[in-house]
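K.L.:
So that we are looking at the same thing, I have put the structure below in structure tokens.
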Amino acid sequence: MPPMPPMITMPLMTTSLETFALLSPEITLVAAAILVFVAGAFAGFRSGWLGAVLGIAAAMALAGGQPDGGATLISGTITIDGFSIYIRWMVLVLGGLLALVQAGDVFASASSRSGGSWRGSTCEEAGTFLLLLAGLSLTGVANDMVLLFVGLELVSIPTYILLALKRTDAHGQEAALKYFFLSLVASALFLYALVCLYGIGGSTSLAVIGQRLCSTDEQLMGMATVLLPVALGMAMAGAAFRLAAVPMHFYAPDVYEGTSPGNAALLATLPKVAGIVVLLRLLALGLGGQAISMAAPPSLGSASLAGSAPLAGSASLGEAALTYLTLFWQLSAVLAALTMTVGNVMALLQTNLRRLLACSSIAHAGYLLLGVAVAAASGAACVDTLGNGSIQTASDTSWTLGLGGASATLFYLSTYVLATVGIFAALTYLGHRWPEWSSGSGPRPLRQEITSVEDLDGLSGTNPVAACGIAIFVLSLAGIPPLPGFWGKLSLAIAAMEVDWNARIAWGSRRAAFVSLAVILVLNAAIAAAYYLRIIAAIYFRSAKRGVQADGGISAGVAMLVCMALVLMATLSPRGLFASASQAGSVVSRNILSDSVGSDSFPASPHTVAP
Amino acid sequence: MQQLSPSVLLVLVPALPLVGAVLTMLLGRSLRSRAHLPAVVGIAAAAGVSLVLLAATAAQVGNSSDAHPEPVRPVEMITTLWQWATVEDAYTPPSNSEALIPGIVLPRDTSGVRAFSIPVALRLDPLTATMLSIITCVGLLVAIYSIGYMHGDPGYARFFALFALFVFSMSMLVAASNFLIVYVFWEAVGACSYLLIGFWFRRPEAARAAKKAFLVNRVGDFGLAIAVFLLWMTYGTLDFHDTLSLDGTILPGILGQTRLADAGGIVGGAVGAAICLLLLLAACGKSAQLPLHVWLPDAMEGPTPASALIHAATMVTAGIYLITRSAPLFMACPGALAMVSIVGATTALVAALIAVVQNDLKRVLAYSTISQLGYMFASLGTGTMLGFTAAIFHLVTHAFFKALLFLGAGSVMHSMGGVIDMRRFGGLWRVMPMTAATFLAGACALAGVAPFAGFFSKDEILTSLHSKAFPSVHGNHGPESPAAETAHLHLTSWMHDGRLALDASSTYGLDAIDRPEIWQILFWMSLVTAGLTAFYTFRAVFMTFTGPTRVPEEAGHHAHESPAVMTLPLVILAVLSAVAGWWLFSTHWLSHFLSATPSLTAPSVARTVVPHLFHIDLAIQGTLAAAIGIAVAAIGHLGRRSDSPQMERFLGPLGSLFANKFFFDQIYTGLIVRPLEALALLAAIIDRSVIDRLVDWIATIPLGVGAIVRQLQSGLMQRYALAGVMGVLMIVLALAWQLRG
């Protein structure tokens with residue numbers, strides 16, 4: 001039994017009024033959820049989704065009044081920095097779009113049953129959805145493992161409910177149950193990871209764990225060799241389930257197929273955001289804990305300063321951190337390669353549209369993991385060079401687009417969720433189609449849900465706007481320039497190429513691994529083009545045998561148009577998104593280079609205790 | 001109008017046609033026979049706005065004051081819409097300053113590392129205002145005419161959408177203030193012309209002509225692309241205008257006032273000459289100059305209004321515009337400048353010779369366009385203020401009378417059931433008097449008959465050439481070489497380690513062609529061309545409109561004058577062709593106006609300003625040439641049947657040379673097309689038998705893997721959970737193993 005590590009004393013971080021003020025957007029979401037629940041139950045309020053949209057708008061208004069991501073604020077168990085603000089805004093925008101899609105979804109699923117009956121559960125759905133958003137936003141600001149886990153569960157549990165509520169036929173229930181049980185497994189595994197991390201850090205605070213991990217404690221190494229593999233493996237399992245990455249990806253096609261398009265849109269986006277948040281927050285542990293960073297670079301322009309930043313904290317970087325980061329990037333890199341390949345080759349054979357998109361979302365999880373691996377490897381490279389005393393070759397700095405691994409991941413995540421929500425919004429909006437029918441062959445058959453790629457045949461003739469939208473989204477997912485998906489893939493590939501830029505490509509080296517990862521990324525993009533272009537071909541180059549019925553309600557159509565507008569904006573001027581992603585990512589990946597003795601963090605400096 | 005700032009108006013000029021195009025595209029189906037409305041209204045509004053802008057710019061330039069020929073103050077206004085792309089720290093100025101030639105002042109902006117940023121910036125200066133007015137006004141008249149001409153065409157809406165898009169692209173091309181944006185719209189213009197020439201794409205000739213136009217243009221575009229690269233490497237910016245950077249310093253644009261005021265601001269030498277020659281290549285592509293002129297005659301396959309638009313207002317004027325805009329760059333390279341004139345004068349002569357024997361009315365006009373553009377190039381190449389302004393002057397008048405002639409030809413074609421062969425016409429003035437009268441006005445302008453527009457602009461071009469050829473007559477003592485004042489960028493600064501040590505200060509004898517003898521030859525060529533122009537123009541007039549009345553049977557029994565919607569633009573254009581030249585010449589308004597263009601206020605250009613004189617001897621020479629041409633045409637064709645034996649029999653073997661267009665097409669086919677086809681065939685064989693097999697084989701791998709992976713998707717939750725947990729176990733063990741090792 002190894003002796004316990006010396007306890008690290010922390011200044012008490014109390015939960016104060018300020019914490020509540022900083023959390024006001026999340027609190028607003030929860031309050032809106034409660035209001036919607038109550039209104040639906042007692043006042044006979046029917047427009048649950050309207051309430052949801054209003055709640056999100058209110059949260060946005062409050063979030064707009066919050067301090068910007070230039071500095072890091074720590075209050076109680078939360079931390080507000082560029083990263084959490086980026087995530088919060090992504091969640092809010094995405095939430096607004098998804099609420100619109102879901103609102104359309106209700107109509108579609110109701111009218112596919114007999115006679116357009118209105119089920120009246122929209123308030124419950126909307127309230128649950130708002131809770132989900134609040135949970136996801138909380139994971140972004142969490143500076144404590146408990147809050148992180150609670151946030152994650154607040155994402156998962158409403159998801160189960162939504163899955164079960166939306167679609168009450170056998171398929172829907174099967175999908176809901178599958179998701180439920182597998183999610184439980186993943187959560188349990190993730191909890192183990194947190195336990196192990198607690199064992200290393202002796203605290204639930206991520207900041208303390210990070211500092212502990214970066215300390216040069218002799219005993220730490222011994223413990224780390226035992227606990228780190230378990231912690232990382234389990235944490236990755238938890239994140240992989242949410243990302244739908246290997247080895248926890250199996251559920252995705254079944255569940256997407258079984259549920260409604262609106263729910264599929266939700267599953268393809270929100271859990272992925274959660275997974276990336278978890279991974280990047282955990283990754284930051286190896287860089288000294290995210291709370292250490294006091295000042296993220298304020299803008300894109302100064303991003304290149306990191307290579308020459310003062311390194312007062314360099315003494316605190318230890319062997320354990322290097323081990324952690326090395327394991328982290330190796331694990332993410334292998335899973336990234338596996339995930340993107342598995343997702344894409346599976347998608348090649350799919351004819352069901354939602355299964356295809358599920359497989360494509362698996363592949364995109366692989367791309368995202370690639371960015372995480374780059375961030376981890378860049379961190380490892382930094383620690384390496386710091387250990388050697390030379391600081392000139394810090395690699396996560398130089399590219400002109402200014403995106404390191406973490407930033408590239410966040411940028412890619414944004415482009416991915418926009419396009420994905422857009423496609424599902426379009427599918428929800430289209431809703432149903434008339435089967436093939438001629439006047440001589442009996443009564444007109446009932447309309448059917450759009451399920452396969454073939455159902456989109458000739459859409460350009462019957463609904464040119466939706467056709468154009470789907471084409472744009474699909475092309476963006478495929479990474480065709482100049483759409484944002486291309487910029488995402490490009491920044492990922494360049495970030496991968498930049499790991500250890502000055503090193504030679506030798507067998508087994510970090511650089512070789514990432515160069516080959518970049519090659520795998522490009523090959524996968526080529527494979528992916530095959531099935532994405534099949535959708536385009538169906539829309540534009542086949543004749544319409546069946547009429548598509550745009551009965552999904554106007555709100556999903558609005559969501560589609562908003563997505564189109566956002567994608568086009570990101571196409572014409574990707575600078576804004578680049579800048580904010582870069583700012584957010586730099587918070588995560590550059591802690592290591594920032595001064596760790598800064599004392600003006602808010603409200604009290606938690607890091608006067610570095611050993 | 002008081003509330004609208006000029007920058008808003010400037011944005012409106014391209015924006016309105018774009019909106020028109022989009023609306024036509026979207027609403028075309030529901031508007032049916034009124035599908036022209038959005039496009040025509042959009043272009044009309046843009047025309048109004050650009051006339052307002054023209055007036056506003058003119059007010060800023062001030063009145064012409066011939067008494068005090070003091071240097072005109074440059075007038076420009078820049079509107080930056082947004083930053084299109086930015087790459088930080090992209091440009092590092094050449095560091096090996098010792099490699100620079102001693103004693104040469106370098107451009108002053110080589111001080112710092114700079115971002116590569118492409119602002120979507122529009123500019124307003126006299127040149128742009130003039131171009132915008134011509135594009136939109138002539139475009140509007142042609143659009144109105146098209147309402148009648150395209151009536152009932154199944155692609156009615158598509159035509160107007162493309163038409164407005166064309167006007168939009170061209171407006172952006174002349175309004176952009178950045179070489180990259182110019183390049184973008186250079187391509188857009190090419191794409192629009194492709195779509196319009198191939199408008200009746202079901203006809204194989206139309207499809208082929210469209211493809212030819214596009215491909216030949218690509219050669220020129222390639223030149224422009226390389227030129228843009230070189231400009232970037234040399235100047236570290238692609239902007240025309242100066243920009244104020246964040247720290248308060250001025251970043252000089254390539255054609256900005258800072259650089260122009262700096263005597264050593266423009267790089268000459270080999271790099272400068274290369275840039276200029278590449279720009280010339282680009283201009284040759286768009287403006288159909290030798291050797292890239294072959295696409296323009298074939299472009300007749302498009303609808304006639306589209307031809308009129310291409311020939312008069314858009315597309316072909318792009319090359320003239322580009323060279324005028326880049327005037328300071330050319331002024332640094334006398335050899336390249338002379339090259340422009342040589343290309344221009346040669347093209348003018350060759351095209352005129354070909355036009356002499358054409359029997360297709362539209363083809364005669366097409367070759368005349370090439371020839372007239374050659375004139376403009378010849379004028380630009382003189383590198384004097386007179387030359388530049390004369391070229392734009394001729395561009396303006398040419399836009400009027402060429403649009404008129406094309407629309408007239410279209411009117412003939414319209415009522416003759418699609419026949420355009422002049423040998424089958426005769427005495428049409430009795431059938432369609434309005435068309436005949438207006439066509440005659442256009443022909444007089446083209447031929448350079450005294451009071452018509454073409455006479456004055458052509459006279460100025462001849463004067464500019466004459467002043468280069470016989471400098472002593474014009475009172476200036478030979479052109480001193482402006483190259484002495486320009487900076488030279490040493491090539492080794494961007495070649496690694498001086499491995500390629502070119503002497504960048506010399507242009508390898510290119511400047512040696514700038515000699516008076518050459519200019520004398522060019523002058524005489526131009527004078528001969530003037531005579532030929534008059535001849536073929538009036539040959540066409542006589543063959544079509546005079547002689548015994550003959551109407552081809554395709555026209556049926558209802559050969560008639562075209563509807564008013566078509567003749568009205570003809571009349572307006574005819575009036576313009578008749579009076580615009582005299583007005584612009586007598587007041588020197590245009591030349592004074594244009595001289596305030598920043599590019600033309602460069603000291604190298606401004607130094608060449610001479611007082612306006614009407615050289616009566618040159619005017620007589622020009623008129624004489626035209627008179628001889630008309631007289632010969634009259635002898636040959638006036639009052640005869642147009643299918644009677646022709647003038648060609650006097651030409652002997654030369655006739656077949658002309659009729660075969662100097663065998664350009666055949667030479668290109670033999671030298672370029674056939675070898676490329678052979679290469680393509682070879683590549684296709686390799687592609688099909690080797691690469692495709694390989695690819696098919698590789699493509700089975702992902703499919704196979706997918707099939708295997710699919711087996712795992714059993715749909716059974718227990719297996720999923722088991723697989724997940726096993727996977728995690730494997731990960732943990734692998735990580736532990738990794739730590740151990």
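Labels for the structure tokens follow display order: chains A, B, ..., residues from 1 in each chain, ligands from 1.
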Could you please select, counting only C-alpha atoms, the residues of chain B within 10 Å of chain A and state them as an mmCIF file with N, CA and C atoms, in the first residue's frame?
P.N.:
data_model
loop_
_atom_site.group_PDB
_atom_site.id
_atom_site.type_symbol
_atom_site.label_atom_id
_atom_site.label_comp_id
_atom_site.auth_asym_id
_atom_site.auth_seq_id
_atom_site.Cartn_x
_atom_site.Cartn_y
_atom_site.Cartn_z
ATOM 1 N N TRP B 82 -15.979 43.824 -47.366
ATOM 2 C CA TRP B 82 -15.543 42.975 -46.256
ATOM 3 C C TRP B 82 -14.216 42.351 -46.649
ATOM 4 N N GLN B 83 -13.537 41.792 -45.638
ATOM 5 C CA GLN B 83 -12.288 41.088 -45.903
ATOM 6 C C GLN B 83 -12.639 39.670 -46.288
ATOM 7 N N TRP B 84 -12.194 39.281 -47.448
ATOM 8 C CA TRP B 84 -12.616 37.963 -47.920
ATOM 9 C C TRP B 84 -11.800 36.874 -47.251
ATOM 10 N N ALA B 85 -10.529 37.023 -47.223
ATOM 11 C CA ALA B 85 -9.683 36.011 -46.619
ATOM 12 C C ALA B 85 -8.456 36.721 -46.094
ATOM 13 N N THR B 86 -7.929 36.222 -45.030
ATOM 14 C CA THR B 86 -6.724 36.818 -44.487
ATOM 15 C C THR B 86 -5.794 35.723 -44.023
ATOM 16 N N VAL B 87 -4.574 35.812 -44.428
ATOM 17 C CA VAL B 87 -3.556 34.920 -43.905
ATOM 18 C C VAL B 87 -2.522 35.801 -43.242
ATOM 19 N N GLU B 88 -2.349 35.576 -41.955
ATOM 20 C CA GLU B 88 -1.422 36.441 -41.225
ATOM 21 C C GLU B 88 0.011 36.186 -41.670
ATOM 22 N N ASP B 89 0.803 37.199 -41.605
ATOM 23 C CA ASP B 89 2.249 37.083 -41.798
ATOM 24 C C ASP B 89 2.603 36.338 -43.079
ATOM 25 N N ALA B 90 1.882 36.591 -44.135
ATOM 26 C CA ALA B 90 2.122 35.815 -45.339
ATOM 27 C C ALA B 90 3.283 36.375 -46.149
ATOM 28 N N ALA B 115 0.273 40.755 -43.764
ATOM 29 C CA ALA B 115 -0.745 39.725 -43.953
ATOM 30 C C ALA B 115 -1.151 39.687 -45.418
ATOM 31 N N ALA B 699 -11.335 0.123 -54.603
ATOM 32 C CA ALA B 699 -12.653 0.503 -54.090
ATOM 33 C C ALA B 699 -13.373 -0.687 -53.482
ATOM 34 N N ILE B 701 -12.045 -2.669 -51.504
ATOM 35 C CA ILE B 701 -11.554 -2.884 -50.135
ATOM 36 C C ILE B 701 -12.494 -2.255 -49.102
ATOM 37 N N PRO B 702 -12.776 -0.940 -49.228
ATOM 38 C CA PRO B 702 -13.695 -0.374 -48.230
ATOM 39 C C PRO B 702 -15.042 -1.080 -48.224
ATOM 40 N N LEU B 703 -15.506 -1.462 -49.421
ATOM 41 C CA LEU B 703 -16.796 -2.148 -49.467
ATOM 42 C C LEU B 703 -16.710 -3.466 -48.724
ATOM 43 N N GLY B 704 -15.608 -4.187 -48.940
ATOM 44 C CA GLY B 704 -15.432 -5.469 -48.256
ATOM 45 C C GLY B 704 -15.358 -5.276 -46.758
ATOM 46 N N VAL B 705 -14.540 -4.291 -46.369
ATOM 47 C CA VAL B 705 -14.426 -4.022 -44.928
ATOM 48 C C VAL B 705 -15.789 -3.647 -44.365
ATOM 49 N N GLY B 706 -16.489 -2.818 -45.163
ATOM 50 C CA GLY B 706 -17.813 -2.410 -44.709
ATOM 51 C C GLY B 706 -18.722 -3.596 -44.503
ATOM 52 N N ALA B 707 -18.654 -4.547 -45.435
ATOM 53 C CA ALA B 707 -19.507 -5.723 -45.295
ATOM 54 C C ALA B 707 -19.163 -6.482 -44.028
ATOM 55 N N ILE B 708 -17.855 -6.549 -43.723
ATOM 56 C CA ILE B 708 -17.452 -7.267 -42.506
ATOM 57 C C ILE B 708 -17.953 -6.508 -41.272
ATOM 58 N N VAL B 709 -17.696 -5.173 -41.306
ATOM 59 C CA VAL B 709 -18.100 -4.377 -40.142
ATOM 60 C C VAL B 709 -19.601 -4.473 -39.939
ATOM 61 N N ARG B 710 -20.294 -4.560 -41.043
ATOM 62 C CA ARG B 710 -21.746 -4.603 -40.969
ATOM 63 C C ARG B 710 -22.225 -5.829 -40.204
ATOM 64 N N LEU B 712 -21.038 -6.929 -37.647
ATOM 65 C CA LEU B 712 -21.022 -6.653 -36.216
ATOM 66 C C LEU B 712 -22.285 -5.922 -35.787
ATOM 67 N N GLN B 713 -22.919 -5.256 -36.749
ATOM 68 C CA GLN B 713 -24.121 -4.501 -36.394
ATOM 69 C C GLN B 713 -25.307 -5.455 -36.310
ATOM 70 N N SER B 714 -25.315 -6.285 -35.294
ATOM 71 C CA SER B 714 -26.333 -7.326 -35.248
ATOM 72 C C SER B 714 -27.666 -6.788 -34.771
ATOM 73 N N GLY B 715 -27.668 -5.607 -34.150
ATOM 74 C CA GLY B 715 -28.905 -5.097 -33.587
ATOM 75 C C GLY B 715 -29.154 -5.618 -32.179
ATOM 76 N N LEU B 716 -28.271 -6.483 -31.688
ATOM 77 C CA LEU B 716 -28.462 -7.034 -30.344
ATOM 78 C C LEU B 716 -27.692 -6.197 -29.332
ATOM 79 N N MET B 717 -28.401 -5.635 -28.394
ATOM 80 C CA MET B 717 -27.800 -4.693 -27.477
ATOM 81 C C MET B 717 -26.723 -5.333 -26.616
ATOM 82 N N GLN B 718 -26.979 -6.602 -26.220
ATOM 83 C CA GLN B 718 -26.003 -7.252 -25.349
ATOM 84 C C GLN B 718 -24.652 -7.322 -26.038
ATOM 85 N N ARG B 719 -24.709 -7.645 -27.327
ATOM 86 C CA ARG B 719 -23.432 -7.743 -28.038
ATOM 87 C C ARG B 719 -22.747 -6.389 -28.127
ATOM 88 N N TYR B 720 -23.566 -5.362 -28.331
ATOM 89 C CA TYR B 720 -22.963 -4.032 -28.396
ATOM 90 C C TYR B 720 -22.246 -3.717 -27.086
ATOM 91 N N ALA B 721 -22.961 -3.970 -25.991
ATOM 92 C CA ALA B 721 -22.384 -3.656 -24.687
ATOM 93 C C ALA B 721 -21.127 -4.477 -24.465
ATOM 94 N N LEU B 722 -21.213 -5.757 -24.827
ATOM 95 C CA LEU B 722 -20.065 -6.637 -24.641
ATOM 96 C C LEU B 722 -18.879 -6.122 -25.456
ATOM 97 N N ALA B 723 -19.158 -5.783 -26.708
ATOM 98 C CA ALA B 723 -18.080 -5.299 -27.576
ATOM 99 C C ALA B 723 -17.480 -4.025 -27.000
ATOM 100 N N GLY B 724 -18.348 -3.144 -26.514
ATOM 101 C CA GLY B 724 -17.840 -1.898 -25.949
ATOM 102 C C GLY B 724 -16.942 -2.153 -24.761
ATOM 103 N N VAL B 725 -17.402 -2.971 -23.861
ATOM 104 C CA VAL B 725 -16.628 -3.217 -22.647
ATOM 105 C C VAL B 725 -15.327 -3.926 -22.986
ATOM 106 N N MET B 726 -15.423 -4.909 -23.887
ATOM 107 C CA MET B 726 -14.190 -5.579 -24.294
ATOM 108 C C MET B 726 -13.218 -4.582 -24.909
ATOM 109 N N GLY B 727 -13.756 -3.697 -25.688
ATOM 110 C CA GLY B 727 -12.903 -2.690 -26.311
ATOM 111 C C GLY B 727 -12.201 -1.848 -25.265
ATOM 112 N N VAL B 728 -12.958 -1.442 -24.260
ATOM 113 C CA VAL B 728 -12.354 -0.621 -23.215
ATOM 114 C C VAL B 728 -11.285 -1.413 -22.485
ATOM 115 N N LEU B 729 -11.580 -2.668 -22.219
ATOM 116 C CA LEU B 729 -10.579 -3.506 -21.551
ATOM 117 C C LEU B 729 -9.305 -3.575 -22.375
ATOM 118 N N MET B 730 -9.509 -3.774 -23.665
ATOM 119 C CA MET B 730 -8.337 -3.848 -24.525
ATOM 120 C C MET B 730 -7.549 -2.550 -24.472
ATOM 121 N N ILE B 731 -8.271 -1.449 -24.461
ATOM 122 C CA ILE B 731 -7.589 -0.156 -24.404
ATOM 123 C C ILE B 731 -6.778 -0.044 -23.124
ATOM 124 N N VAL B 732 -7.404 -0.391 -22.017
ATOM 125 C CA VAL B 732 -6.716 -0.248 -20.733
ATOM 126 C C VAL B 732 -5.475 -1.125 -20.709
ATOM 127 N N LEU B 733 -5.637 -2.362 -21.185
ATOM 128 C CA LEU B 733 -4.478 -3.259 -21.182
ATOM 129 C C LEU B 733 -3.384 -2.725 -22.086
ATOM 130 N N ALA B 734 -3.804 -2.215 -23.236
ATOM 131 C CA ALA B 734 -2.804 -1.704 -24.168
ATOM 132 C C ALA B 734 -2.057 -0.531 -23.557
ATOM 133 N N LEU B 735 -2.795 0.335 -22.878
ATOM 134 C CA LEU B 735 -2.142 1.496 -22.272
ATOM 135 C C LEU B 735 -1.187 1.059 -21.173
ATOM 136 N N ALA B 736 -1.641 0.091 -20.393
ATOM 137 C CA ALA B 736 -0.779 -0.402 -19.323
ATOM 138 C C ALA B 736 0.483 -1.000 -19.925
ATOM 139 N N TRP B 737 0.307 -1.743 -20.990
ATOM 140 C CA TRP B 737 1.456 -2.353 -21.670
ATOM 141 C C TRP B 737 2.411 -1.272 -22.181
ATOM 142 N N GLN B 738 1.817 -0.240 -22.690
ATOM 143 C CA GLN B 738 2.611 0.867 -23.227
ATOM 144 C C GLN B 738 3.465 1.492 -22.123
ATOM 145 N N LEU B 739 2.871 1.633 -20.947
ATOM 146 C CA LEU B 739 3.599 2.248 -19.849
ATOM 147 C C LEU B 739 4.742 1.353 -19.388
ATOM 148 N N ARG B 740 4.461 0.059 -19.431
ATOM 149 C CA ARG B 740 5.485 -0.870 -18.983
ATOM 150 C C ARG B 740 6.696 -0.792 -19.915
#
K.L.:
Excluding same-chain residues fewer than 2 positions from Val372 (chain A), what lies within 8 Å of it counting only C-alpha atoms, as a list in words?
P.N.:
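Neighbouring residues, sequence-local ones excluded: Leu279, Leu280, Trp329, Ser332, Leu368, Leu369, Leu370, Val374, Ala375, Ala376, Gly405, Ala406 and Thr409 of chain A.
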K.L.:
By how many Å are CA of Pro119 (chain B) and CA of Thr80 (chain B) apart?
P.N.:
6.3 Å
K.L.:
What gap, in Å, lies between CA of Lys489 (chain A) and CA of Val417 (chain A)?
P.N.:
13.8 Å
K.L.:
Would you list, as a ChimeraX atom specification, the residues of region 268-457 of chain B that end up in helix (DSSP H, G or I) under DSSP run on this structure's backbone?
P.N.:
/B:269-286,295-301,304-313,316-325,327-331,334-356,361-381,385-415,422-424,428-431,433-447,453-457
K.L.:
For CA of Met497 (chain A) and CA of Arg510 (chain A), determine how far apart the two atoms are, in Å to one decimal place.
P.N.:
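These atoms are spaced 10.5 Å apart.
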K.L.:
Please determine, counting only C-alpha atoms, which residue among B:Phe545, B:Trp200, B:Trp295, B:Tyr156 has the shortest atom-to-atom distance to Phe214 (chain B).
P.N.:
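The answer is B:Trp295, which sits nearest to Phe214 (chain B).
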K.L.:
Give me the residues near Ser5 (chain B) as a PDB file with N, CA and C atoms, in the first residue's frame, where near means some atom within 12 Å (using only C-alpha atoms) and where sequence neighbours in that chain fewer than 4 positions away do not count.
P.N.:
ATOM      1  N   MET B   1     -31.366  61.681 -53.896  1.00  0.00           N
ATOM      2  CA  MET B   1     -30.029  61.121 -54.073  1.00  0.00           C
ATOM      3  C   MET B   1     -29.071  61.670 -53.037  1.00  0.00           C
ATOM      4  N   LEU B   9     -23.992  53.870 -53.668  1.00  0.00           N
ATOM      5  CA  LEU B   9     -24.348  53.844 -55.091  1.00  0.00           C
ATOM      6  C   LEU B   9     -23.413  52.918 -55.849  1.00  0.00           C
ATOM      7  N   LEU B  10     -22.140  52.986 -55.494  1.00  0.00           N
ATOM      8  CA  LEU B  10     -21.167  52.158 -56.196  1.00  0.00           C
ATOM      9  C   LEU B  10     -21.482  50.684 -56.004  1.00  0.00           C
ATOM     10  N   VAL B  11     -21.874  50.330 -54.795  1.00  0.00           N
ATOM     11  CA  VAL B  11     -22.219  48.933 -54.550  1.00  0.00           C
ATOM     12  C   VAL B  11     -23.484  48.563 -55.318  1.00  0.00           C
ATOM     13  N   LEU B  12     -24.364  49.541 -55.466  1.00  0.00           N
ATOM     14  CA  LEU B  12     -25.629  49.243 -56.140  1.00  0.00           C
ATOM     15  C   LEU B  12     -25.410  48.865 -57.605  1.00  0.00           C
ATOM     16  N   VAL B  49     -27.919  54.583 -61.909  1.00  0.00           N
ATOM     17  CA  VAL B  49     -26.986  54.826 -60.807  1.00  0.00           C
ATOM     18  C   VAL B  49     -25.598  55.125 -61.355  1.00  0.00           C
ATOM     19  N   VAL B  52     -25.341  58.594 -62.554  1.00  0.00           N
ATOM     20  CA  VAL B  52     -25.212  59.514 -61.419  1.00  0.00           C
ATOM     21  C   VAL B  52     -23.776  59.533 -60.917  1.00  0.00           C
ATOM     22  N   LEU B  53     -23.214  58.324 -60.812  1.00  0.00           N
ATOM     23  CA  LEU B  53     -21.828  58.233 -60.349  1.00  0.00           C
ATOM     24  C   LEU B  53     -20.889  58.945 -61.305  1.00  0.00           C
ATOM     25  N   ALA B  56     -21.160  62.515 -60.675  1.00  0.00           N
ATOM     26  CA  ALA B  56     -20.526  62.885 -59.410  1.00  0.00           C
ATOM     27  C   ALA B  56     -19.011  62.900 -59.552  1.00  0.00           C
ATOM     28  N   MET B  77     -12.232  56.722 -55.037  1.00  0.00           N
ATOM     29  CA  MET B  77     -12.948  56.435 -53.805  1.00  0.00           C
ATOM     30  C   MET B  77     -13.009  54.926 -53.655  1.00  0.00           C
ATOM     31  N   THR B  79     -14.450  51.604 -51.544  1.00  0.00           N
ATOM     32  CA  THR B  79     -15.413  51.071 -50.579  1.00  0.00           C
ATOM     33  C   THR B  79     -15.035  49.629 -50.295  1.00  0.00           C
TER      34      THR B  79
END
K.L.:
Hey, what's within 10 Å of Ile34 (chain A) if we count only C-alpha atoms and toss same-chain stuff fewer than 5 positions away? As a PDB file with C-alpha atoms, in the first residue's frame, please?
P.N.:
ATOM      1  CA  THR A  28     -32.570  30.564 -17.095  1.00  0.00           C
ATOM      2  CA  LEU A  29     -32.761  27.405 -19.147  1.00  0.00           C
ATOM      3  CA  ALA A  39     -47.665  25.517 -17.864  1.00  0.00           C
ATOM      4  CA  GLY A  40     -48.198  22.360 -19.852  1.00  0.00           C
ATOM      5  CA  CYS A 123     -44.483  20.731 -23.227  1.00  0.00           C
ATOM      6  CA  GLU A 124     -42.854  17.735 -21.638  1.00  0.00           C
ATOM      7  CA  GLY A 127     -38.967  21.118 -20.957  1.00  0.00           C
ATOM      8  CA  THR A 128     -36.830  18.013 -21.084  1.00  0.00           C
ATOM      9  CA  LEU A 130     -34.233  22.657 -22.096  1.00  0.00           C
ATOM     10  CA  LEU A 131     -32.840  20.645 -19.201  1.00  0.00           C
TER      11      LEU A 131
END
K.L.:
Measuring between only C-alpha atoms, which one of B:Lys362, B:Trp186, B:Arg32, B:Cys444 shows the shortest distance to Met413 (chain B)?
P.N.:
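Smallest distance to Met413 (chain B) is found for B:Lys362.
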K.L.:
With distances taken over only C-alpha atoms, which residue among B:Leu386, B:Ile686, B:Ala175, B:Ile370 lies nearest Thr533 (chain B)?
P.N.:
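Ranked by minimum distance to Thr533 (chain B), first place goes to B:Ile370.
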K.L.:
Residues near Ala529 (chain A), anyone? I mean within 7 Å using only C-alpha atoms, not counting same-chain ones fewer than 4 positions away, as an MDAnalysis selection string.
P.N.:
chainID A and resid 478 525 533
K.L.:
Using only C-alpha atoms, find the one residue out of A:Thr72, A:Ser24, A:Ser509, A:Ser205 that sits nearest to Gln583 (chain A).
P.N.:
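Of all the options, A:Thr72 lies closest to Gln583 (chain A).
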K.L.:
If we count only C-alpha atoms and set the cut-off at 9 Å, which residues sit around Ala634 (chain B), ignoring sequence neighbours fewer than 5 positions away in its own chain? Please answer as a VMD selection string.
P.N.:
chain B and resid 535 538 to 539 542 629 639
